[in-house]
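**Q** My structure file data_37.cif, mmCIF, C-alpha atoms and all ligand atoms, is below:
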```
data_my_file
#
loop_
_atom_site.group_PDB
_atom_site.id
_atom_site.type_symbol
_atom_site.label_atom_id
_atom_site.label_comp_id
_atom_site.auth_asym_id
_atom_site.auth_seq_id
_atom_site.Cartn_x
_atom_site.Cartn_y
_atom_site.Cartn_z
ATOM 1 C CA MET T 176 122.158 118.859 128.524
ATOM 2 C CA SER T 177 121.488 115.360 127.195
ATOM 3 C CA GLN T 178 120.206 114.288 130.576
ATOM 4 C CA ALA T 179 117.648 117.088 130.436
ATOM 5 C CA ILE T 180 116.011 115.541 127.388
ATOM 6 C CA MET T 181 115.773 112.103 128.982
ATOM 7 C CA GLU T 182 114.065 113.575 132.020
ATOM 8 C CA GLN T 183 111.573 115.781 130.285
ATOM 9 C CA ASN T 184 110.059 112.656 128.724
ATOM 10 C CA ILE T 185 110.322 114.216 125.266
ATOM 11 C CA LYS T 186 106.822 115.775 125.317
ATOM 12 C CA PRO T 187 106.019 118.189 123.768
ATOM 13 C CA LEU T 188 108.440 117.523 120.987
ATOM 14 C CA THR T 189 109.910 119.660 118.272
ATOM 15 C CA LEU T 190 112.324 118.606 115.582
ATOM 16 C CA THR T 191 114.783 121.229 114.385
ATOM 17 C CA ILE T 192 116.900 120.864 111.276
ATOM 18 C CA GLN T 193 119.842 123.240 111.251
ATOM 19 C CA GLY T 194 121.296 123.871 107.812
ATOM 20 C CA GLY T 195 124.649 122.542 106.648
ATOM 21 C CA VAL T 196 126.076 122.608 103.139
ATOM 22 C CA ASP T 197 125.089 121.368 99.672
ATOM 23 C CA LYS T 198 127.222 119.138 97.458
ATOM 24 C CA ASP T 199 129.482 122.082 96.529
ATOM 25 C CA GLY T 200 129.948 123.165 100.108
ATOM 26 C CA HIS T 201 127.597 126.168 99.816
ATOM 27 C CA PRO T 202 125.474 126.785 102.907
ATOM 28 C CA ASP T 203 121.860 125.598 102.860
ATOM 29 C CA ALA T 204 119.644 128.596 101.970
ATOM 30 C CA VAL T 205 117.283 127.293 104.662
ATOM 31 C CA SER T 206 119.363 127.847 107.758
ATOM 32 C CA GLU T 207 116.882 126.391 110.219
ATOM 33 C CA ILE T 208 113.445 124.811 110.216
ATOM 34 C CA GLU T 209 111.462 123.768 113.270
ATOM 35 C CA ILE T 210 108.721 121.148 113.033
ATOM 36 C CA ALA T 211 106.100 120.431 115.702
ATOM 37 C CA ARG T 212 104.073 117.348 116.612
ATOM 38 C CA GLY T 213 101.187 116.589 114.273
ATOM 39 C CA GLU T 214 102.829 118.312 111.326
ATOM 40 C CA ILE T 215 103.256 116.620 107.955
ATOM 41 C CA ILE T 216 106.287 117.998 106.176
ATOM 42 C CA GLY T 217 107.211 117.141 102.599
ATOM 43 C CA ILE T 218 110.624 116.873 100.960
ATOM 44 C CA VAL T 219 110.700 117.437 97.201
ATOM 45 C CA GLY T 220 113.341 117.831 94.499
ATOM 46 C CA PRO T 221 114.761 116.073 91.442
ATOM 47 C CA THR T 222 116.665 112.783 91.453
ATOM 48 C CA GLY T 223 119.956 113.089 93.252
ATOM 49 C CA SER T 224 119.017 116.398 94.907
ATOM 50 C CA GLY T 225 119.559 115.054 98.430
ATOM 51 C CA LYS T 226 116.096 114.058 99.660
ATOM 52 C CA SER T 227 117.152 110.669 101.042
ATOM 53 C CA THR T 228 120.274 112.262 102.491
ATOM 54 C CA LEU T 229 118.130 114.721 104.470
ATOM 55 C CA ILE T 230 115.956 111.834 105.706
ATOM 56 C CA ALA T 231 119.123 109.977 106.738
ATOM 57 C CA ASP T 232 120.374 113.074 108.596
ATOM 58 C CA ILE T 233 117.180 113.088 110.652
ATOM 59 C CA GLU T 234 117.207 109.311 111.183
ATOM 60 C CA GLN T 235 120.705 109.342 112.668
ATOM 61 C CA PHE T 236 120.376 112.685 114.481
ATOM 62 C CA ALA T 237 123.204 114.189 112.480
ATOM 63 C CA PHE T 238 125.351 116.504 114.484
ATOM 64 C CA GLY T 239 127.752 117.960 111.986
ATOM 65 C CA ASP T 240 129.078 114.429 111.480
ATOM 66 C CA THR T 241 127.493 113.634 108.071
ATOM 67 C CA PRO T 242 128.525 114.884 104.588
ATOM 68 C CA SER T 243 125.852 117.628 104.763
ATOM 69 C CA GLY T 244 127.159 118.959 108.066
ATOM 70 C CA ARG T 245 123.549 119.431 109.255
ATOM 71 C CA ARG T 246 122.448 119.257 112.854
ATOM 72 C CA ILE T 247 119.264 117.799 114.267
ATOM 73 C CA LEU T 248 117.854 119.060 117.559
ATOM 74 C CA ILE T 249 115.041 117.587 119.636
ATOM 75 C CA ASN T 250 113.192 120.104 121.808
ATOM 76 C CA SER T 251 115.953 122.550 120.828
ATOM 77 C CA LEU T 252 118.614 120.325 122.374
ATOM 78 C CA GLU T 253 121.171 117.810 121.151
ATOM 79 C CA PRO T 254 119.633 114.325 121.591
ATOM 80 C CA ALA T 255 121.279 112.104 124.184
ATOM 81 C CA GLY T 256 123.220 109.008 123.110
ATOM 82 C CA GLU T 257 120.605 106.755 124.717
ATOM 83 C CA LEU T 258 117.939 108.204 122.464
ATOM 84 C CA ARG T 259 119.917 107.048 119.459
ATOM 85 C CA SER T 260 120.676 103.530 120.616
ATOM 86 C CA ASP T 261 117.957 102.264 122.986
ATOM 87 C CA PRO T 262 115.094 100.860 120.882
ATOM 88 C CA ARG T 263 112.601 101.484 123.694
ATOM 89 C CA LYS T 264 113.429 105.174 123.565
ATOM 90 C CA LYS T 265 113.664 105.329 119.822
ATOM 91 C CA LEU T 266 112.264 108.635 118.642
ATOM 92 C CA VAL T 267 112.345 107.837 114.952
ATOM 93 C CA ALA T 268 110.471 105.196 112.981
ATOM 94 C CA GLN T 269 111.197 104.753 109.297
ATOM 95 C CA LEU T 270 108.848 103.449 106.663
ATOM 96 C CA SER T 271 110.699 102.338 103.567
ATOM 97 C CA GLN T 272 109.712 101.271 100.085
ATOM 98 C CA ASN T 273 110.977 97.715 100.530
ATOM 99 C CA MET T 274 109.245 96.628 103.698
ATOM 100 C CA HIS T 275 109.250 92.897 104.242
ATOM 101 C CA PHE T 276 109.186 90.916 107.447
ATOM 102 C CA LEU T 277 111.675 88.107 107.779
ATOM 103 C CA ALA T 278 110.622 86.698 111.155
ATOM 104 C CA ASP T 279 108.952 83.302 111.055
ATOM 105 C CA MET T 280 105.907 83.969 113.254
ATOM 106 C CA SER T 281 102.309 85.003 112.890
ATOM 107 C CA VAL T 282 101.083 88.595 112.673
ATOM 108 C CA GLU T 283 99.365 88.192 116.046
ATOM 109 C CA GLU T 284 102.463 86.746 117.761
ATOM 110 C CA PHE T 285 104.658 89.482 116.367
ATOM 111 C CA LEU T 286 102.354 92.312 117.427
ATOM 112 C CA ARG T 287 101.788 90.883 120.931
ATOM 113 C CA MET T 288 105.532 90.498 121.342
ATOM 114 C CA HIS T 289 106.126 94.059 120.169
ATOM 115 C CA ALA T 290 103.469 95.450 122.542
ATOM 116 C CA LYS T 291 104.968 93.518 125.478
ATOM 117 C CA SER T 292 108.485 94.711 124.671
ATOM 118 C CA ARG T 293 107.170 98.281 124.842
ATOM 119 C CA GLY T 294 105.444 97.607 128.160
ATOM 120 C CA LYS T 295 101.980 97.795 126.591
ATOM 121 C CA ASP T 296 98.855 95.637 126.567
ATOM 122 C CA PRO T 297 99.370 92.691 124.138
ATOM 123 C CA GLY T 298 95.646 93.016 123.370
ATOM 124 C CA LEU T 299 96.556 96.073 121.263
ATOM 125 C CA ALA T 300 97.519 93.578 118.546
ATOM 126 C CA ASP T 301 93.872 93.344 117.461
ATOM 127 C CA LYS T 302 93.597 97.103 117.226
ATOM 128 C CA VAL T 303 96.698 97.233 115.012
ATOM 129 C CA VAL T 304 95.318 94.617 112.617
ATOM 130 C CA ALA T 305 91.936 96.370 112.426
ATOM 131 C CA LEU T 306 93.649 99.674 111.680
ATOM 132 C CA ALA T 307 95.973 98.094 109.103
ATOM 133 C CA ASN T 308 92.913 96.718 107.358
ATOM 134 C CA THR T 309 91.514 100.216 106.907
ATOM 135 C CA LEU T 310 94.668 101.058 104.927
ATOM 136 C CA THR T 311 94.952 98.069 102.614
ATOM 137 C CA GLY T 312 92.572 96.542 100.106
ATOM 138 C CA GLU T 313 93.784 93.016 100.904
ATOM 139 C CA PRO T 314 92.846 92.296 104.519
ATOM 140 C CA VAL T 315 95.480 90.968 106.935
ATOM 141 C CA ASN T 316 94.425 88.030 109.112
ATOM 142 C CA PRO T 317 96.136 87.896 112.537
ATOM 143 C CA ALA T 318 96.868 84.206 111.941
ATOM 144 C CA PHE T 319 98.856 84.911 108.755
ATOM 145 C CA GLN T 320 102.589 84.218 108.864
ATOM 146 C CA LEU T 321 104.509 87.499 108.515
ATOM 147 C CA THR T 322 106.510 86.086 105.628
ATOM 148 C CA ILE T 323 103.473 85.665 103.349
ATOM 149 C CA LEU T 324 102.317 89.290 103.616
ATOM 150 C CA SER T 325 102.378 91.366 100.434
ATOM 151 C CA GLY T 326 104.324 94.626 100.310
ATOM 152 C CA GLY T 327 101.095 96.598 100.785
ATOM 153 C CA GLN T 328 99.987 94.466 103.731
ATOM 154 C CA SER T 329 103.418 94.775 105.384
ATOM 155 C CA ARG T 330 103.396 98.540 105.049
ATOM 156 C CA ALA T 331 99.815 98.866 106.277
ATOM 157 C CA LEU T 332 100.775 96.792 109.306
ATOM 158 C CA MET T 333 103.893 98.905 109.894
ATOM 159 C CA VAL T 334 101.907 102.156 109.760
ATOM 160 C CA ALA T 335 99.285 100.822 112.183
ATOM 161 C CA ASP T 336 101.998 99.425 114.449
ATOM 162 C CA ILE T 337 103.775 102.795 114.526
ATOM 163 C CA ALA T 338 100.470 104.567 115.255
ATOM 164 C CA VAL T 339 99.299 102.248 118.042
ATOM 165 C CA ILE T 340 102.245 100.467 119.670
ATOM 166 C CA SER T 341 105.466 102.313 118.969
ATOM 167 C CA ASP T 342 105.951 105.588 120.796
ATOM 168 C CA SER T 343 108.258 107.002 118.147
ATOM 169 C CA PRO T 344 107.034 110.574 117.681
ATOM 170 C CA ILE T 345 108.884 111.064 114.402
ATOM 171 C CA VAL T 346 108.036 109.029 111.310
ATOM 172 C CA LEU T 347 110.210 109.199 108.195
ATOM 173 C CA ILE T 348 108.769 108.038 104.886
ATOM 174 C CA ASP T 349 110.901 107.835 101.752
ATOM 175 C CA GLU T 350 108.629 107.574 98.696
ATOM 176 C CA ILE T 351 105.554 105.430 99.270
ATOM 177 C CA GLU T 352 103.979 106.286 95.901
ATOM 178 C CA ASN T 353 103.565 102.649 94.958
ATOM 179 C CA ALA T 354 103.108 101.361 98.459
ATOM 180 C CA GLY T 355 99.805 99.621 97.792
ATOM 181 C CA ILE T 356 98.120 101.338 100.760
ATOM 182 C CA LYS T 357 95.791 104.296 101.180
ATOM 183 C CA LYS T 358 98.630 106.748 101.479
ATOM 184 C CA GLN T 359 96.823 109.876 102.529
ATOM 185 C CA GLU T 360 94.886 107.972 105.186
ATOM 186 C CA ALA T 361 98.150 106.571 106.502
ATOM 187 C CA LEU T 362 99.630 110.081 106.784
ATOM 188 C CA ARG T 363 96.472 111.409 108.403
ATOM 189 C CA LEU T 364 96.469 108.573 110.905
ATOM 190 C CA LEU T 365 100.081 109.149 111.912
ATOM 191 C CA SER T 366 99.863 112.939 112.157
ATOM 192 C CA GLY T 367 96.546 112.562 114.008
ATOM 193 C CA GLU T 368 98.419 110.547 116.642
ATOM 194 C CA GLY T 369 100.537 113.658 117.153
ATOM 195 C CA LYS T 370 103.528 112.382 115.240
ATOM 196 C CA ILE T 371 105.836 114.442 113.079
ATOM 197 C CA VAL T 372 105.595 112.924 109.613
ATOM 198 C CA VAL T 373 108.427 113.667 107.186
ATOM 199 C CA VAL T 374 107.621 112.389 103.723
ATOM 200 C CA VAL T 375 109.687 112.371 100.524
ATOM 201 C CA THR T 376 107.148 112.513 97.737
ATOM 202 C CA HIS T 377 106.188 113.934 94.369
ATOM 203 C CA ASP T 378 102.672 112.609 94.600
ATOM 204 C CA PRO T 379 100.633 115.853 94.325
ATOM 205 C CA MET T 380 98.146 114.588 96.871
ATOM 206 C CA LEU T 381 100.748 113.816 99.535
ATOM 207 C CA ALA T 382 102.909 116.871 98.801
ATOM 208 C CA LEU T 383 99.894 119.199 99.061
ATOM 209 C CA MET T 384 98.646 117.446 102.169
ATOM 210 C CA ALA T 385 101.835 118.546 103.925
ATOM 211 C CA SER T 386 101.596 121.942 105.564
ATOM 212 C CA ARG T 387 105.079 122.776 104.287
ATOM 213 C CA ARG T 388 107.593 121.241 101.936
ATOM 214 C CA ILE T 389 111.351 121.555 101.826
ATOM 215 C CA VAL T 390 112.734 121.982 98.304
ATOM 216 C CA MET T 391 116.055 120.212 97.713
ATOM 217 C CA LYS T 392 118.574 121.055 94.976
ATOM 218 C CA ASN T 393 122.158 119.899 94.498
ATOM 219 C CA GLY T 394 122.172 118.437 98.016
ATOM 220 C CA GLY T 395 120.995 121.665 99.654
ATOM 221 C CA MET T 396 117.762 122.843 101.295
ATOM 222 C CA THR T 397 116.906 125.739 98.971
ATOM 223 C CA LYS T 398 113.522 126.878 100.276
ATOM 224 C CA VAL T 399 110.457 125.977 102.283
ATOM 225 C CA ILE T 400 107.047 126.345 100.628
ATOM 226 C CA SER T 401 103.973 126.642 102.846
ATOM 227 C CA THR T 402 100.849 125.085 101.360
ATOM 228 C CA ASN T 403 98.614 128.116 100.749
ATOM 229 C CA GLU T 404 94.841 128.215 100.372
ATOM 230 C CA ASP T 405 94.941 127.794 96.585
ATOM 231 C CA GLU T 406 97.059 124.684 96.983
ATOM 232 C CA GLN T 407 94.742 123.376 99.675
ATOM 233 C CA ARG T 408 91.859 123.757 97.237
ATOM 234 C CA VAL T 409 93.834 121.826 94.613
ATOM 235 C CA PHE T 410 94.541 119.182 97.245
ATOM 236 C CA ARG T 411 90.814 118.649 97.833
ATOM 237 C CA ASP T 412 90.278 118.244 94.068
ATOM 238 C CA VAL T 413 93.165 115.800 93.787
ATOM 239 C CA GLU T 414 91.833 113.809 96.739
ATOM 240 C CA ARG T 415 88.401 113.528 95.105
ATOM 241 C CA LEU T 416 90.024 112.465 91.838
ATOM 242 C CA ASP T 417 92.102 109.889 93.695
ATOM 243 C CA GLY T 418 88.986 108.495 95.379
ATOM 244 C CA TRP T 419 87.343 108.167 91.969
ATOM 245 C CA LEU T 420 90.391 106.390 90.488
ATOM 246 C CA THR T 421 90.510 104.060 93.470
ATOM 247 C CA SER T 422 86.872 103.070 93.026
ATOM 248 C CA LEU T 423 87.395 102.516 89.275
ATOM 249 C CA ARG T 424 90.390 100.321 90.049
ATOM 250 C CA GLU T 425 88.306 98.319 92.495
ATOM 251 C CA THR T 426 85.471 97.887 89.979
ATOM 252 C CA ILE T 427 87.942 96.558 87.433
ATOM 253 C CA ARG T 428 89.637 94.337 90.037
ATOM 254 C CA GLN T 429 86.236 92.810 90.865
ATOM 255 C CA GLY T 430 85.766 91.926 87.196
ATOM 256 C CA GLU T 431 82.883 94.329 86.733
ATOM 257 C CA VAL T 432 82.097 96.771 83.943
ATOM 258 C CA VAL T 433 82.766 100.466 84.589
ATOM 259 C CA ALA T 434 79.420 102.226 84.377
HETATM 260 N N1 LIG J 1 124.510 117.947 101.311
HETATM 261 C C1 LIG J 1 125.204 116.977 100.707
HETATM 262 N N2 LIG J 1 126.539 116.948 100.790
HETATM 263 C C2 LIG J 1 127.241 115.983 100.156
HETATM 264 N N3 LIG J 1 126.704 114.987 99.429
HETATM 265 C C3 LIG J 1 125.381 114.967 99.313
HETATM 266 C C4 LIG J 1 124.558 115.949 99.940
HETATM 267 N N4 LIG J 1 123.263 115.671 99.654
HETATM 268 C C5 LIG J 1 123.295 114.578 98.882
HETATM 269 N N5 LIG J 1 124.548 114.144 98.672
HETATM 270 C C6 LIG J 1 124.947 112.975 97.857
HETATM 271 O O1 LIG J 1 124.274 113.050 96.612
HETATM 272 C C7 LIG J 1 123.817 111.805 96.187
HETATM 273 C C8 LIG J 1 122.324 111.832 95.900
HETATM 274 O O2 LIG J 1 121.617 112.165 97.092
HETATM 275 P P1 LIG J 1 120.257 111.452 97.512
HETATM 276 O O3 LIG J 1 120.346 109.978 97.309
HETATM 277 O O4 LIG J 1 119.950 111.928 98.880
HETATM 278 O O5 LIG J 1 119.257 112.071 96.453
HETATM 279 P P2 LIG J 1 117.677 111.840 96.291
HETATM 280 O O6 LIG J 1 117.081 113.185 96.140
HETATM 281 O O7 LIG J 1 117.179 110.988 97.384
HETATM 282 O O8 LIG J 1 117.619 111.080 94.902
HETATM 283 P P3 LIG J 1 116.470 110.077 94.357
HETATM 284 O O9 LIG J 1 115.316 110.941 93.944
HETATM 285 O O10 LIG J 1 117.119 109.435 93.179
HETATM 286 O O11 LIG J 1 116.128 109.118 95.458
HETATM 287 C C9 LIG J 1 124.204 110.831 97.282
HETATM 288 O O12 LIG J 1 125.377 110.156 96.913
HETATM 289 C C10 LIG J 1 124.453 111.707 98.483
HETATM 290 O O13 LIG J 1 125.413 111.145 99.345
HETATM 291 MG MG MG J 2 116.207 109.088 97.409
#
```
Would you mind writing the file's structure down as structure tokens?
**A**
Amino acid sequence: MSQAIMEQNIKPLTLTIQGGVDKDGHPDAVSEIEIARGEIIGIVGPTGSGKSTLIADIEQFAFGDTPSGRRILINSLEPAGELRSDPRKKLVAQLSQNMHFLADMSVEEFLRMHAKSRGKDPGLADKVVALANTLTGEPVNPAFQLTILSGGQSRALMVADIAVISDSPIVLIDEIENAGIKKQEALRLLSGEGKIVVVVTHDPMLALMASRRIVMKNGGMTKVISTNEDEQRVFRDVERLDGWLTSLRETIRQGEVVA
């Protein structure tokens, strides 16, 4: 069974979450949810409700072996061991709140090395930097040392790297509210590349941008809300408002007077 997944080259790809139990051992009300490529799916719920736990279940391809007892299927099958351990075959990329590079090399060197290790054209490094610079207000120069990048620059670079170089079709994002990047553009970019984007967020813009959101409570998946037309209309309003706030912020940053 596992071999089958390796051979079918994982395209097209679906991610299935099969329900387990909440903190009290009650079954998840959502018994199964299937997510396809290009879909943005939100995870919402109060503090301690199990959002990060669900993300972790996906990240490690839980198979009844985590406290939630959930199971993760890829293309309706149990993922092979190699898919969990071999970085070249890694299906999941994670974008976390505290992204910082530790390696002592330049942005360009790092990206070329990453492209080569994935068997891709090292020239893609330039494309990654250009893309990253559409997501951050503080441009990244390829000659910069990785260690001097700000949190926002690091995350912008990570998003662009995932979009262009890494083949990981599943991207997990745990709260990027204060990421210092253009969040909705980052999500659009990743889903536009055909990735499954799972995002923990209470940011109305990001939550409404998702086509569906899983509602967590007491460790369990209680329901799935599909973003209806009314919510999509609200999303467009929120996006306009966000654009306005961003331009005001920029005006103030530039030391100018708000007209
Ligand atoms: N289904 C579950 N079964 C058992 N324990 C669980 C389950 N879901 C969550 N927990 C436990 O509950 C605690 C809180 O969960 P988690 O950190 O995932 O919440 P969160 O929604 O991410 O919270 P925050 O908003 O503060 O980040 C953790 O200790 C986690 O191990
Ligand atoms: Mg959390």
**Q** If you apply the PyMOL selection byres (((not hetatm)) within 8 of (chain J and resi 2)) to this file, what residues do you get, as a list in words?
**A** Thr222, Gly223, Gly225, Lys226, Ser227, Thr228, Asp349, Glu350 and Val375 of chain T
**Q** With distances taken over all atoms listed in the file, which of T:Thr376, T:Gln269, T:Gln429, T:Ser251 is nearest to ligand LIG 1 (chain J)?
**A**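 Counting all atoms listed in the file, the residue closest to ligand LIG 1 (chain J) is T:Thr376.
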**Q** Just so the selection is clear, what residues does the PyMOL selection byres (((not hetatm)) within 10 of (chain J and resi 1)) cover here, as JSON, numbers by chain?
**A** {"T": [194, 195, 196, 197, 198, 199, 200, 201, 202, 203, 218, 219, 220, 221, 222, 223, 224, 225, 226, 227, 228, 229, 230, 231, 232, 241, 242, 243, 244, 245, 349, 350, 375, 376, 377, 391, 392, 393, 394, 395, 396]}
**Q** Using all atoms listed in the file, which of T:Leu420, T:Leu266, T:Ile216, T:Met333 sits nearest Val374 (chain T)?
**A**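 When distances to Val374 (chain T) are compared using all atoms listed in the file, the smallest one comes from T:Ile216.
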**Q** Given the file shown, determine the residues that the PyMOL selection byres (((chain T and resi 387) around 7) and not hetatm) selects; report them as a list in words.
**A**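 Going through the file, the PyMOL selection byres (((chain T and resi 387) around 7) and not hetatm) ends up selecting Ile216, Gly217, Ala385, Ser386, Arg388, Ile389, Val399, Ile400, Ser401 and Thr402 of chain T.
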**Q** Return as JSON the centre and edge lengths, in Å with one decimal, of the box along x, y and z that encloses every atom of region 215-219 of chain T in the file, padded by 6 Å per side.
**A**
```
{"center_x": 107.0, "center_y": 117.3, "center_z": 102.6, "size_x": 19.4, "size_y": 13.4, "size_z": 22.8}
```
**Q** Could you check which residues have any atom within 10 Å of (111.5, 86.0, 108.5), counting all atoms listed in the file with coordinates taken straight from the file, and then list them as number ranges by chain?
**A** T: 275-280, 320-323
**Q** What is the distance, in Å and to one decimal place, between CA of Asn250 (chain T) and CA of Val205 (chain T)?
**A**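 Between CA of Asn250 (chain T) and CA of Val205 (chain T) the gap is 19.0 Å.
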**Q** Would you compute the distance between CA of Arg293 (chain T) and CA of Pro317 (chain T)? Give it in Å to one decimal.
**A**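 So the answer is 19.5 Å.
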**Q** Would you kindly place N, CA and C atoms on region 385-406 of chain T and return the model as an mmCIF file, keeping the file's coordinate frame?
**A**
```cif
data_model
loop_
_atom_site.group_PDB
_atom_site.id
_atom_site.type_symbol
_atom_site.label_atom_id
_atom_site.label_comp_id
_atom_site.auth_asym_id
_atom_site.auth_seq_id
_atom_site.Cartn_x
_atom_site.Cartn_y
_atom_site.Cartn_z
ATOM 1 N N ALA T 385 100.868 118.022 102.963
ATOM 2 C CA ALA T 385 101.835 118.546 103.925
ATOM 3 C C ALA T 385 101.568 120.035 104.127
ATOM 4 N N SER T 386 101.805 120.519 105.338
ATOM 5 C CA SER T 386 101.596 121.942 105.564
ATOM 6 C C SER T 386 102.744 122.758 104.975
ATOM 7 N N ARG T 387 103.928 122.114 104.912
ATOM 8 C CA ARG T 387 105.079 122.776 104.287
ATOM 9 C C ARG T 387 105.880 121.724 103.542
ATOM 10 N N ARG T 388 106.689 122.181 102.579
ATOM 11 C CA ARG T 388 107.593 121.241 101.936
ATOM 12 C C ARG T 388 108.963 121.884 101.729
ATOM 13 N N ILE T 389 109.972 121.095 101.985
ATOM 14 C CA ILE T 389 111.351 121.555 101.826
ATOM 15 C C ILE T 389 111.791 121.213 100.402
ATOM 16 N N VAL T 390 112.308 122.200 99.686
ATOM 17 C CA VAL T 390 112.734 121.982 98.304
ATOM 18 C C VAL T 390 114.247 121.759 98.270
ATOM 19 N N MET T 391 114.637 120.582 97.770
ATOM 20 C CA MET T 391 116.055 120.212 97.713
ATOM 21 C C MET T 391 116.621 120.461 96.319
ATOM 22 N N LYS T 392 117.887 120.875 96.259
ATOM 23 C CA LYS T 392 118.574 121.055 94.976
ATOM 24 C C LYS T 392 120.073 120.910 95.208
ATOM 25 N N ASN T 393 120.702 120.089 94.396
ATOM 26 C CA ASN T 393 122.158 119.899 94.498
ATOM 27 C C ASN T 393 122.615 119.578 95.929
ATOM 28 N N GLY T 394 121.788 118.832 96.653
ATOM 29 C CA GLY T 394 122.172 118.437 98.016
ATOM 30 C C GLY T 394 121.793 119.443 99.081
ATOM 31 N N GLY T 395 121.302 120.623 98.665
ATOM 32 C CA GLY T 395 120.995 121.665 99.654
ATOM 33 C C GLY T 395 119.506 121.882 99.868
ATOM 34 N N MET T 396 119.156 122.446 101.024
ATOM 35 C CA MET T 396 117.762 122.843 101.295
ATOM 36 C C MET T 396 117.621 124.269 100.766
ATOM 37 N N THR T 397 116.925 124.428 99.612
ATOM 38 C CA THR T 397 116.906 125.739 98.971
ATOM 39 C C THR T 397 115.781 126.640 99.457
ATOM 40 N N LYS T 398 114.603 126.056 99.736
ATOM 41 C CA LYS T 398 113.522 126.878 100.276
ATOM 42 C C LYS T 398 112.471 126.009 100.928
ATOM 43 N N VAL T 399 111.579 126.663 101.656
ATOM 44 C CA VAL T 399 110.457 125.977 102.283
ATOM 45 C C VAL T 399 109.188 126.627 101.753
ATOM 46 N N ILE T 400 108.317 125.822 101.153
ATOM 47 C CA ILE T 400 107.047 126.345 100.628
ATOM 48 C C ILE T 400 105.930 125.965 101.595
ATOM 49 N N SER T 401 105.152 126.937 102.029
ATOM 50 C CA SER T 401 103.973 126.642 102.846
ATOM 51 C C SER T 401 102.791 126.426 101.928
ATOM 52 N N THR T 402 102.013 125.390 102.195
ATOM 53 C CA THR T 402 100.849 125.085 101.360
ATOM 54 C C THR T 402 99.784 126.156 101.594
ATOM 55 N N ASN T 403 99.568 127.015 100.569
ATOM 56 C CA ASN T 403 98.614 128.116 100.749
ATOM 57 C C ASN T 403 97.182 127.665 100.453
ATOM 58 N N GLU T 404 96.249 128.597 100.545
ATOM 59 C CA GLU T 404 94.841 128.215 100.372
ATOM 60 C C GLU T 404 94.543 127.678 98.982
ATOM 61 N N ASP T 405 95.165 128.282 97.949
ATOM 62 C CA ASP T 405 94.941 127.794 96.585
ATOM 63 C C ASP T 405 95.390 126.335 96.468
ATOM 64 N N GLU T 406 96.561 126.060 97.049
ATOM 65 C CA GLU T 406 97.059 124.684 96.983
ATOM 66 C C GLU T 406 96.171 123.735 97.785
#
```
